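J.: The structure's right below; bear with me while I get my questions together.
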Amino acid sequence: MTDDDQLYQVAVRYYESGETQEQIAHALHLTRWKVGRMLAEAREVGIVRIEVLHPRSRVGALERALSKRFGLRETIVVAGSGGDEQLRKQVAAAGADHLAAMRPVPRLIGVSWGRTLDRLAGGLAPGWATGVHVVQINGALSRSRQPTSAGSTASLIAHHGGGTATLLAAPAILEQQSTRAALENDRAVSDVLTLAAGADLFLFSPGGMGSDSVLVDSGQIDADDLDRLADAGAVGDVLGRFVDARGQIVDPGLDGRTLGLSLDLLRSATTSVALVSGRAKRAVCRAVVTSGLCDVLITDDQNATHLLEET
């Protein structure tokens with residue numbers, strides 16, 4: 001093993017595998033002091049390069065490549081760092097920046113719900129707009145003891161935008177299709193859905209198939225349902241509607257019990273913005289962009305690279 005090979009091995013163990021200097025020293029029969037000197041030398045000779053990125057730094061090359069490949073009107077790719085929660089915060093912050101910078105400011109905004117949009121709402125500065133109207137585009141009322149943030153998400157976006165919010169006070173998924181039909185015929189629900197269908201801009205974040213699904217947390221479905229849907233080919237959900245890799249509904253029966261706007265309306269919208277982050281959502285991210293469910297994508301650089309490599 002050459003000196004450079006050993007420097008490389010020490011650097012990989014420390015920076016990529018997360019081993020401590022003491023663990024590396026024990027494994028390679030070195031002193032801890034020697035390992036420290038080797039890490040410093042690895043940086044000096046260029047084996048290790050440390051890049052400090054602003055949390056909202058964008059990767060222009062990936063943005064252009066994604067827009068061209070998938071025919072997107074606009075793509076925002078943030079230089080991600082950290083785990084899933086950190087990536088979610090960074091993508092949500094980029095979403096808040098994008099919304100606040102839009103000109104003309106959308107007057108009627110249709111929003112879904114979930115952790116990413118909750119953080120987007122919290123990242124908007126008071127006064128980012130004036131007189132906006134925000135409407136909820138799919139059901140979210142919790143069916144468990146775990147409340148959802150849907151109402152507060154829409155309300156906070158509206159409050160910081162000097163406007164008003166119209167909420168959809170119903171679960172995302174009902175037990176019977178007849179119950180969904182009855183609710184949609186009730187003016188309290190039908191008026192909200194009619195208003196939502198005319199939004200200038202739609203904001204949503206697709207859900208993955210992991211155990212931390214917000215639909216499971218809020219009691220809309222259970223873990224067994226999630227397993228069954230995955231076996232049927234589901235890669236995630238959009239507005240509570242589970243889709244396969246082609247963006248098609250995987251379970252028409254379940255979809256018939258799902259309350260909210262249709263996916264076809266997203267596809268025909270003037271502006272439909274999807275915010276996606278994290279490894280668990282890579283498959284549903286691909287389904288969203290390849291099936292025309294969004295024309296603006298906001299994501300992290302790891303997801304962006306994966307999209308380009310897989311296609």
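Chain identifiers are assigned as A, B, and so on, following the order in which chains appear in the structure tokens; residues are numbered from 1 within each chain, and ligands are numbered from 1 in order of appearance.
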Could you give me, as a PyMOL selection string, the residues within 7 Å of Thr271 of chain A, counting only C-alpha atoms and dropping anything in the same chain fewer than 3 positions from it?
T.: chain A and resi 200-202+295
J.: From a DSSP calculation on the backbone, collect every residue of segment 99-284 of chain A in strand (DSSP E or B) and output the set as a PDB file with N, CA, C and O atoms, in the first residue's frame.
T.:
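After the write, part_10.pdb holds the following:
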ATOM      1  N   LEU A 108     -54.951  32.965  -5.699  1.00  0.00           N
ATOM      2  CA  LEU A 108     -55.613  31.826  -5.081  1.00  0.00           C
ATOM      3  C   LEU A 108     -54.664  30.629  -5.137  1.00  0.00           C
ATOM      4  O   LEU A 108     -54.306  30.154  -6.217  1.00  0.00           O
ATOM      5  N   ILE A 109     -54.255  30.149  -3.964  1.00  0.00           N
ATOM      6  CA  ILE A 109     -53.265  29.076  -3.867  1.00  0.00           C
ATOM      7  C   ILE A 109     -53.923  27.837  -3.275  1.00  0.00           C
ATOM      8  O   ILE A 109     -54.494  27.889  -2.181  1.00  0.00           O
ATOM      9  N   GLY A 110     -53.837  26.729  -3.988  1.00  0.00           N
ATOM     10  CA  GLY A 110     -54.338  25.461  -3.475  1.00  0.00           C
ATOM     11  C   GLY A 110     -53.204  24.680  -2.833  1.00  0.00           C
ATOM     12  O   GLY A 110     -52.165  24.463  -3.458  1.00  0.00           O
ATOM     13  N   VAL A 111     -53.375  24.266  -1.578  1.00  0.00           N
ATOM     14  CA  VAL A 111     -52.304  23.571  -0.865  1.00  0.00           C
ATOM     15  C   VAL A 111     -52.773  22.224  -0.332  1.00  0.00           C
ATOM     16  O   VAL A 111     -53.913  22.065   0.096  1.00  0.00           O
ATOM     17  N   HIS A 133     -55.420  34.284  -1.081  1.00  0.00           N
ATOM     18  CA  HIS A 133     -56.434  33.374  -0.575  1.00  0.00           C
ATOM     19  C   HIS A 133     -55.877  31.966  -0.718  1.00  0.00           C
ATOM     20  O   HIS A 133     -55.443  31.572  -1.800  1.00  0.00           O
ATOM     21  N   VAL A 134     -55.849  31.219   0.371  1.00  0.00           N
ATOM     22  CA  VAL A 134     -55.296  29.866   0.371  1.00  0.00           C
ATOM     23  C   VAL A 134     -56.421  28.879   0.640  1.00  0.00           C
ATOM     24  O   VAL A 134     -57.205  29.055   1.576  1.00  0.00           O
ATOM     25  N   VAL A 135     -56.498  27.825  -0.178  1.00  0.00           N
ATOM     26  CA  VAL A 135     -57.554  26.834  -0.020  1.00  0.00           C
ATOM     27  C   VAL A 135     -56.937  25.437   0.035  1.00  0.00           C
ATOM     28  O   VAL A 135     -56.003  25.120  -0.692  1.00  0.00           O
ATOM     29  N   GLN A 136     -57.469  24.625   0.923  1.00  0.00           N
ATOM     30  CA  GLN A 136     -56.998  23.252   1.091  1.00  0.00           C
ATOM     31  C   GLN A 136     -57.567  22.386  -0.030  1.00  0.00           C
ATOM     32  O   GLN A 136     -58.756  22.452  -0.327  1.00  0.00           O
ATOM     33  N   ASN A 138     -57.201  18.835  -0.450  1.00  0.00           N
ATOM     34  CA  ASN A 138     -57.610  17.456  -0.147  1.00  0.00           C
ATOM     35  C   ASN A 138     -57.881  17.323   1.350  1.00  0.00           C
ATOM     36  O   ASN A 138     -57.406  18.120   2.154  1.00  0.00           O
ATOM     37  N   THR A 164     -56.667  35.217   3.498  1.00  0.00           N
ATOM     38  CA  THR A 164     -57.588  34.330   4.206  1.00  0.00           C
ATOM     39  C   THR A 164     -57.380  32.887   3.745  1.00  0.00           C
ATOM     40  O   THR A 164     -56.832  32.637   2.679  1.00  0.00           O
ATOM     41  N   ALA A 165     -57.865  31.957   4.571  1.00  0.00           N
ATOM     42  CA  ALA A 165     -57.745  30.538   4.250  1.00  0.00           C
ATOM     43  C   ALA A 165     -59.120  29.884   4.284  1.00  0.00           C
ATOM     44  O   ALA A 165     -59.955  30.217   5.127  1.00  0.00           O
ATOM     45  N   THR A 166     -59.343  28.962   3.351  1.00  0.00           N
ATOM     46  CA  THR A 166     -60.557  28.148   3.335  1.00  0.00           C
ATOM     47  C   THR A 166     -60.134  26.703   3.531  1.00  0.00           C
ATOM     48  O   THR A 166     -59.350  26.166   2.737  1.00  0.00           O
ATOM     49  N   ILE A 173     -59.324  10.054   3.595  1.00  0.00           N
ATOM     50  CA  ILE A 173     -59.860   8.781   3.113  1.00  0.00           C
ATOM     51  C   ILE A 173     -61.025   8.360   4.006  1.00  0.00           C
ATOM     52  O   ILE A 173     -60.874   8.256   5.229  1.00  0.00           O
ATOM     53  N   LEU A 201     -52.353  28.348  -8.495  1.00  0.00           N
ATOM     54  CA  LEU A 201     -51.125  27.621  -8.173  1.00  0.00           C
ATOM     55  C   LEU A 201     -51.468  26.502  -7.199  1.00  0.00           C
ATOM     56  O   LEU A 201     -52.213  26.701  -6.247  1.00  0.00           O
ATOM     57  N   PHE A 202     -50.906  25.306  -7.446  1.00  0.00           N
ATOM     58  CA  PHE A 202     -51.063  24.195  -6.526  1.00  0.00           C
ATOM     59  C   PHE A 202     -49.719  23.864  -5.903  1.00  0.00           C
ATOM     60  O   PHE A 202     -48.699  23.789  -6.611  1.00  0.00           O
ATOM     61  N   LEU A 203     -49.716  23.657  -4.593  1.00  0.00           N
ATOM     62  CA  LEU A 203     -48.522  23.252  -3.856  1.00  0.00           C
ATOM     63  C   LEU A 203     -48.789  21.893  -3.224  1.00  0.00           C
ATOM     64  O   LEU A 203     -49.766  21.736  -2.491  1.00  0.00           O
ATOM     65  N   PHE A 204     -47.899  20.907  -3.482  1.00  0.00           N
ATOM     66  CA  PHE A 204     -48.072  19.612  -2.835  1.00  0.00           C
ATOM     67  C   PHE A 204     -46.712  18.948  -2.645  1.00  0.00           C
ATOM     68  O   PHE A 204     -45.738  19.291  -3.315  1.00  0.00           O
ATOM     69  N   GLY A 207     -46.183  11.745  -0.842  1.00  0.00           N
ATOM     70  CA  GLY A 207     -45.779  10.922   0.292  1.00  0.00           C
ATOM     71  C   GLY A 207     -45.137   9.629  -0.166  1.00  0.00           C
ATOM     72  O   GLY A 207     -45.500   9.078  -1.209  1.00  0.00           O
ATOM     73  N   GLY A 236     -45.999   5.613  -3.857  1.00  0.00           N
ATOM     74  CA  GLY A 236     -46.263   6.738  -2.970  1.00  0.00           C
ATOM     75  C   GLY A 236     -47.643   7.303  -3.233  1.00  0.00           C
ATOM     76  O   GLY A 236     -48.425   6.745  -4.015  1.00  0.00           O
ATOM     77  N   ASP A 237     -47.941   8.409  -2.556  1.00  0.00           N
ATOM     78  CA  ASP A 237     -49.253   9.032  -2.752  1.00  0.00           C
ATOM     79  C   ASP A 237     -49.111  10.498  -3.143  1.00  0.00           C
ATOM     80  O   ASP A 237     -48.142  11.166  -2.765  1.00  0.00           O
ATOM     81  N   VAL A 238     -50.067  10.962  -3.913  1.00  0.00           N
ATOM     82  CA  VAL A 238     -50.182  12.370  -4.292  1.00  0.00           C
ATOM     83  C   VAL A 238     -51.592  12.801  -3.925  1.00  0.00           C
ATOM     84  O   VAL A 238     -52.571  12.228  -4.415  1.00  0.00           O
ATOM     85  N   ARG A 241     -53.753  10.015  -2.906  1.00  0.00           N
ATOM     86  CA  ARG A 241     -54.095   9.019  -3.924  1.00  0.00           C
ATOM     87  C   ARG A 241     -52.830   8.242  -4.290  1.00  0.00           C
ATOM     88  O   ARG A 241     -51.852   8.825  -4.766  1.00  0.00           O
ATOM     89  N   PHE A 242     -52.871   6.923  -4.099  1.00  0.00           N
ATOM     90  CA  PHE A 242     -51.674   6.104  -4.286  1.00  0.00           C
ATOM     91  C   PHE A 242     -51.470   5.776  -5.759  1.00  0.00           C
ATOM     92  O   PHE A 242     -52.382   5.313  -6.448  1.00  0.00           O
ATOM     93  N   VAL A 243     -50.239   6.006  -6.220  1.00  0.00           N
ATOM     94  CA  VAL A 243     -49.911   5.846  -7.644  1.00  0.00           C
ATOM     95  C   VAL A 243     -48.756   4.872  -7.813  1.00  0.00           C
ATOM     96  O   VAL A 243     -47.962   4.649  -6.896  1.00  0.00           O
ATOM     97  N   ILE A 249     -53.317   5.429 -10.765  1.00  0.00           N
ATOM     98  CA  ILE A 249     -53.934   4.960  -9.533  1.00  0.00           C
ATOM     99  C   ILE A 249     -53.800   3.436  -9.436  1.00  0.00           C
ATOM    100  O   ILE A 249     -54.107   2.719 -10.384  1.00  0.00           O
ATOM    101  N   THR A 258     -61.376   8.431  -1.470  1.00  0.00           N
ATOM    102  CA  THR A 258     -60.437   9.517  -1.175  1.00  0.00           C
ATOM    103  C   THR A 258     -61.039  10.862  -1.550  1.00  0.00           C
ATOM    104  O   THR A 258     -61.510  11.053  -2.674  1.00  0.00           O
ATOM    105  N   GLY A 260     -60.903  14.841  -2.275  1.00  0.00           N
ATOM    106  CA  GLY A 260     -60.019  15.924  -2.697  1.00  0.00           C
ATOM    107  C   GLY A 260     -59.992  16.048  -4.200  1.00  0.00           C
ATOM    108  O   GLY A 260     -60.712  15.359  -4.916  1.00  0.00           O
ATOM    109  N   SER A 272     -48.291  23.766 -11.156  1.00  0.00           N
ATOM    110  CA  SER A 272     -48.362  22.733 -10.131  1.00  0.00           C
ATOM    111  C   SER A 272     -46.958  22.487  -9.599  1.00  0.00           C
ATOM    112  O   SER A 272     -46.071  22.062 -10.341  1.00  0.00           O
ATOM    113  N   VAL A 273     -46.749  22.790  -8.322  1.00  0.00           N
ATOM    114  CA  VAL A 273     -45.414  22.753  -7.721  1.00  0.00           C
ATOM    115  C   VAL A 273     -45.298  21.564  -6.772  1.00  0.00           C
ATOM    116  O   VAL A 273     -46.066  21.447  -5.812  1.00  0.00           O
ATOM    117  N   ALA A 274     -44.334  20.680  -7.035  1.00  0.00           N
ATOM    118  CA  ALA A 274     -44.076  19.528  -6.175  1.00  0.00           C
ATOM    119  C   ALA A 274     -42.787  19.738  -5.394  1.00  0.00           C
ATOM    120  O   ALA A 274     -41.763  20.109  -5.976  1.00  0.00           O
ATOM    121  N   LEU A 275     -42.851  19.507  -4.095  1.00  0.00           N
ATOM    122  CA  LEU A 275     -41.667  19.586  -3.240  1.00  0.00           C
ATOM    123  C   LEU A 275     -41.354  18.168  -2.763  1.00  0.00           C
ATOM    124  O   LEU A 275     -42.202  17.518  -2.141  1.00  0.00           O
ATOM    125  N   VAL A 276     -40.139  17.694  -3.074  1.00  0.00           N
ATOM    126  CA  VAL A 276     -39.771  16.312  -2.756  1.00  0.00           C
ATOM    127  C   VAL A 276     -38.360  16.271  -2.199  1.00  0.00           C
ATOM    128  O   VAL A 276     -37.447  16.865  -2.774  1.00  0.00           O
TER     129      VAL A 276
END
J.: So which residues of segment 93-206 of chain A fall under alpha helix (DSSP H) by DSSP, listed as a ChimeraX atom specification?
T.: /A:93-101,115-123,150-160,177-184,187-197
J.: Using only C-alpha atoms, which of A:Pro206, A:Gly18, A:Gly240, A:Gly253 sits nearest Val284 of chain A?
T.: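 Between A:Pro206, A:Gly18, A:Gly240, A:Gly253, the residue approaching Val284 of chain A most closely is A:Pro206.
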J.: Under the rule that only C-alpha atoms are counted, which of A:Val105, A:Ala100, A:Leu293, A:Ala280 is the nearest residue to Trp128 of chain A?
T.: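 Closest to Trp128 of chain A of all the choices is A:Ala100.
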J.: Using only C-alpha atoms, which of the listed residues (A:Asp224, A:Ser213, A:Leu7, A:Ala129) sits closest to Val45 of chain A?
T.: A:Leu7
J.: With a distance cut-off of 12 Å and only C-alpha atoms, select the neighbouring residues of Glu309 of chain A, excluding the residue or stretch itself and same-chain residues fewer than 4 positions from it, and output the selection as a PyMOL selection string.
T.: chain A and resi 62+65-66+69+282+286+302-305
J.: Measuring atom to atom with only C-alpha atoms, identify which of A:Gly123, A:Ile157, A:Ile298, A:Ala196 is nearest to Glu74 of chain A.
T.: A:Ile298
J.: Between atom CA of Val235 of chain A and atom CA of Cys294 of chain A, what is the distance in Å, rounded to a tenth?
T.: 16.4 Å
J.: Quick one: of A:Ser205, A:Ser17, A:Gln90, A:Ser67, who's nearest to Leu307 of chain A, counting only C-alpha atoms?
T.: A:Ser67
J.: Compile the contact shell of Leu193 of chain A as an MDAnalysis selection string: residues with an atom at most 8 Å away, counting only C-alpha atoms, same-chain residues fewer than 2 positions apart removed.
T.: chainID A and resid 137 189:191 195:197 260:261
J.: Restricted to N, CA, C and O atoms, what would the selected residues look like written as a tab-separated table (two decimals), in the first residue's frame?
T.:
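Contents of selection27.tsv, as written:
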chain	number	residue	atom	x	y	z
A	137	ILE	N	-56.72	21.54	-0.66
A	137	ILE	CA	-57.17	20.83	-1.86
A	137	ILE	C	-57.46	19.35	-1.63
A	137	ILE	O	-57.92	18.67	-2.55
A	189	VAL	N	-68.59	21.10	1.72
A	189	VAL	CA	-67.42	20.49	1.09
A	189	VAL	C	-67.33	20.85	-0.38
A	189	VAL	O	-66.26	21.21	-0.90
A	190	SER	N	-68.46	20.77	-1.08
A	190	SER	CA	-68.45	21.02	-2.53
A	190	SER	C	-68.00	22.43	-2.87
A	190	SER	O	-67.30	22.65	-3.86
A	191	ASP	N	-68.38	23.40	-2.05
A	191	ASP	CA	-67.97	24.78	-2.31
A	191	ASP	C	-66.45	24.94	-2.19
A	191	ASP	O	-65.82	25.69	-2.95
A	195	LEU	N	-63.92	25.87	-5.28
A	195	LEU	CA	-62.96	26.97	-5.14
A	195	LEU	C	-61.55	26.48	-5.42
A	195	LEU	O	-60.78	27.11	-6.17
A	196	ALA	N	-61.19	25.31	-4.84
A	196	ALA	CA	-59.84	24.76	-4.99
A	196	ALA	C	-59.52	24.46	-6.45
A	196	ALA	O	-58.39	24.67	-6.90
A	197	ALA	N	-60.50	23.99	-7.19
A	197	ALA	CA	-60.27	23.62	-8.59
A	197	ALA	C	-59.85	24.81	-9.44
A	197	ALA	O	-59.20	24.64	-10.49
A	260	GLY	N	-60.90	14.84	-2.28
A	260	GLY	CA	-60.02	15.92	-2.70
A	260	GLY	C	-59.99	16.05	-4.20
A	260	GLY	O	-60.71	15.36	-4.92
A	261	LEU	N	-59.15	16.95	-4.68
A	261	LEU	CA	-59.04	17.16	-6.11
A	261	LEU	C	-58.44	15.94	-6.80
A	261	LEU	O	-57.68	15.18	-6.20
J.: I want to know what sits within 12 Å of Thr290 of chain A, based on only C-alpha atoms, with residues of the same chain fewer than 5 positions away left out; could you give that as a list in words?
T.: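 Those residues are Leu66, Ser67, Arg69, Phe70, Gly71, Leu72, Asp244, Ala245, Arg246, Gly247, Gln248, Arg267, Ala283, Val284, Cys285, Asp295, Leu297, Leu307, Leu308, Glu310 and Thr311 of chain A.
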J.: My list of candidates is A:Gln6, A:Asp264, A:Arg37, A:Gly151. Which is closest to Gln21 of chain A when distances are computed with only C-alpha atoms?
T.: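 Among the listed residues, A:Arg37 lies closest to Gln21 of chain A.
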J.: Can you pull out every residue within 12 Å of Ser57 of chain A, counting only C-alpha atoms, but drop anything in the same chain fewer than 5 positions away, and send it as a list in words?
T.: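 The neighbour list is Glu51, Val52, Ile76, Val77, Val78, Ala79, Gly80, Ser81, Gln90, Val91, Ala93, Ala94, Asp97, Thr299, Asp300 and Asp301 of chain A.
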J.: The selected residues should be written to file as an mmCIF file, in the first residue's frame (atoms: N, CA and C atoms).
T.:
data_model
loop_
_atom_site.group_PDB
_atom_site.id
_atom_site.type_symbol
_atom_site.label_atom_id
_atom_site.label_comp_id
_atom_site.auth_asym_id
_atom_site.auth_seq_id
_atom_site.Cartn_x
_atom_site.Cartn_y
_atom_site.Cartn_z
ATOM 1 N N GLU A 51 -16.256 21.219 1.207
ATOM 2 C CA GLU A 51 -17.020 22.294 0.583
ATOM 3 C C GLU A 51 -18.075 22.788 1.565
ATOM 4 N N VAL A 52 -18.081 24.062 1.861
ATOM 5 C CA VAL A 52 -19.062 24.645 2.762
ATOM 6 C C VAL A 52 -20.165 25.288 1.921
ATOM 7 N N ILE A 76 -35.945 23.619 -9.253
ATOM 8 C CA ILE A 76 -35.090 24.179 -8.210
ATOM 9 C C ILE A 76 -34.446 23.013 -7.478
ATOM 10 N N VAL A 77 -33.129 22.960 -7.507
ATOM 11 C CA VAL A 77 -32.384 21.880 -6.853
ATOM 12 C C VAL A 77 -31.482 22.495 -5.787
ATOM 13 N N VAL A 78 -31.691 22.099 -4.549
ATOM 14 C CA VAL A 78 -30.866 22.627 -3.462
ATOM 15 C C VAL A 78 -29.705 21.673 -3.193
ATOM 16 N N ALA A 79 -28.574 22.230 -2.826
ATOM 17 C CA ALA A 79 -27.420 21.422 -2.442
ATOM 18 C C ALA A 79 -27.679 20.895 -1.042
ATOM 19 N N GLY A 80 -28.164 19.671 -0.958
ATOM 20 C CA GLY A 80 -28.604 19.113 0.320
ATOM 21 C C GLY A 80 -27.455 18.674 1.204
ATOM 22 N N SER A 81 -27.741 18.594 2.482
ATOM 23 C CA SER A 81 -26.776 18.098 3.461
ATOM 24 C C SER A 81 -27.535 17.541 4.648
ATOM 25 N N GLN A 90 -34.482 22.088 4.044
ATOM 26 C CA GLN A 90 -33.836 22.841 2.965
ATOM 27 C C GLN A 90 -34.755 22.966 1.745
ATOM 28 N N VAL A 91 -35.429 21.880 1.395
ATOM 29 C CA VAL A 91 -36.356 21.924 0.263
ATOM 30 C C VAL A 91 -37.540 22.818 0.588
ATOM 31 N N ALA A 93 -37.534 25.368 2.613
ATOM 32 C CA ALA A 93 -37.051 26.752 2.576
ATOM 33 C C ALA A 93 -36.956 27.250 1.142
ATOM 34 N N ALA A 94 -36.489 26.383 0.229
ATOM 35 C CA ALA A 94 -36.435 26.762 -1.180
ATOM 36 C C ALA A 94 -37.834 26.981 -1.737
ATOM 37 N N ASP A 97 -38.994 30.400 -0.541
ATOM 38 C CA ASP A 97 -38.332 31.438 -1.338
ATOM 39 C C ASP A 97 -38.985 31.565 -2.715
ATOM 40 N N THR A 299 -36.471 20.102 -5.286
ATOM 41 C CA THR A 299 -35.948 18.880 -4.675
ATOM 42 C C THR A 299 -34.498 19.077 -4.257
ATOM 43 N N ASP A 300 -33.900 18.023 -3.702
ATOM 44 C CA ASP A 300 -32.492 18.081 -3.297
ATOM 45 C C ASP A 300 -31.600 17.476 -4.375
ATOM 46 N N ASP A 301 -30.317 17.751 -4.311
ATOM 47 C CA ASP A 301 -29.401 17.329 -5.366
ATOM 48 C C ASP A 301 -29.264 15.806 -5.457
#
J.: So how far away is atom CA of Leu259 of chain A from atom CA of Ala172 of chain A, in Å?
T.: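 So the answer is 5.3 Å.
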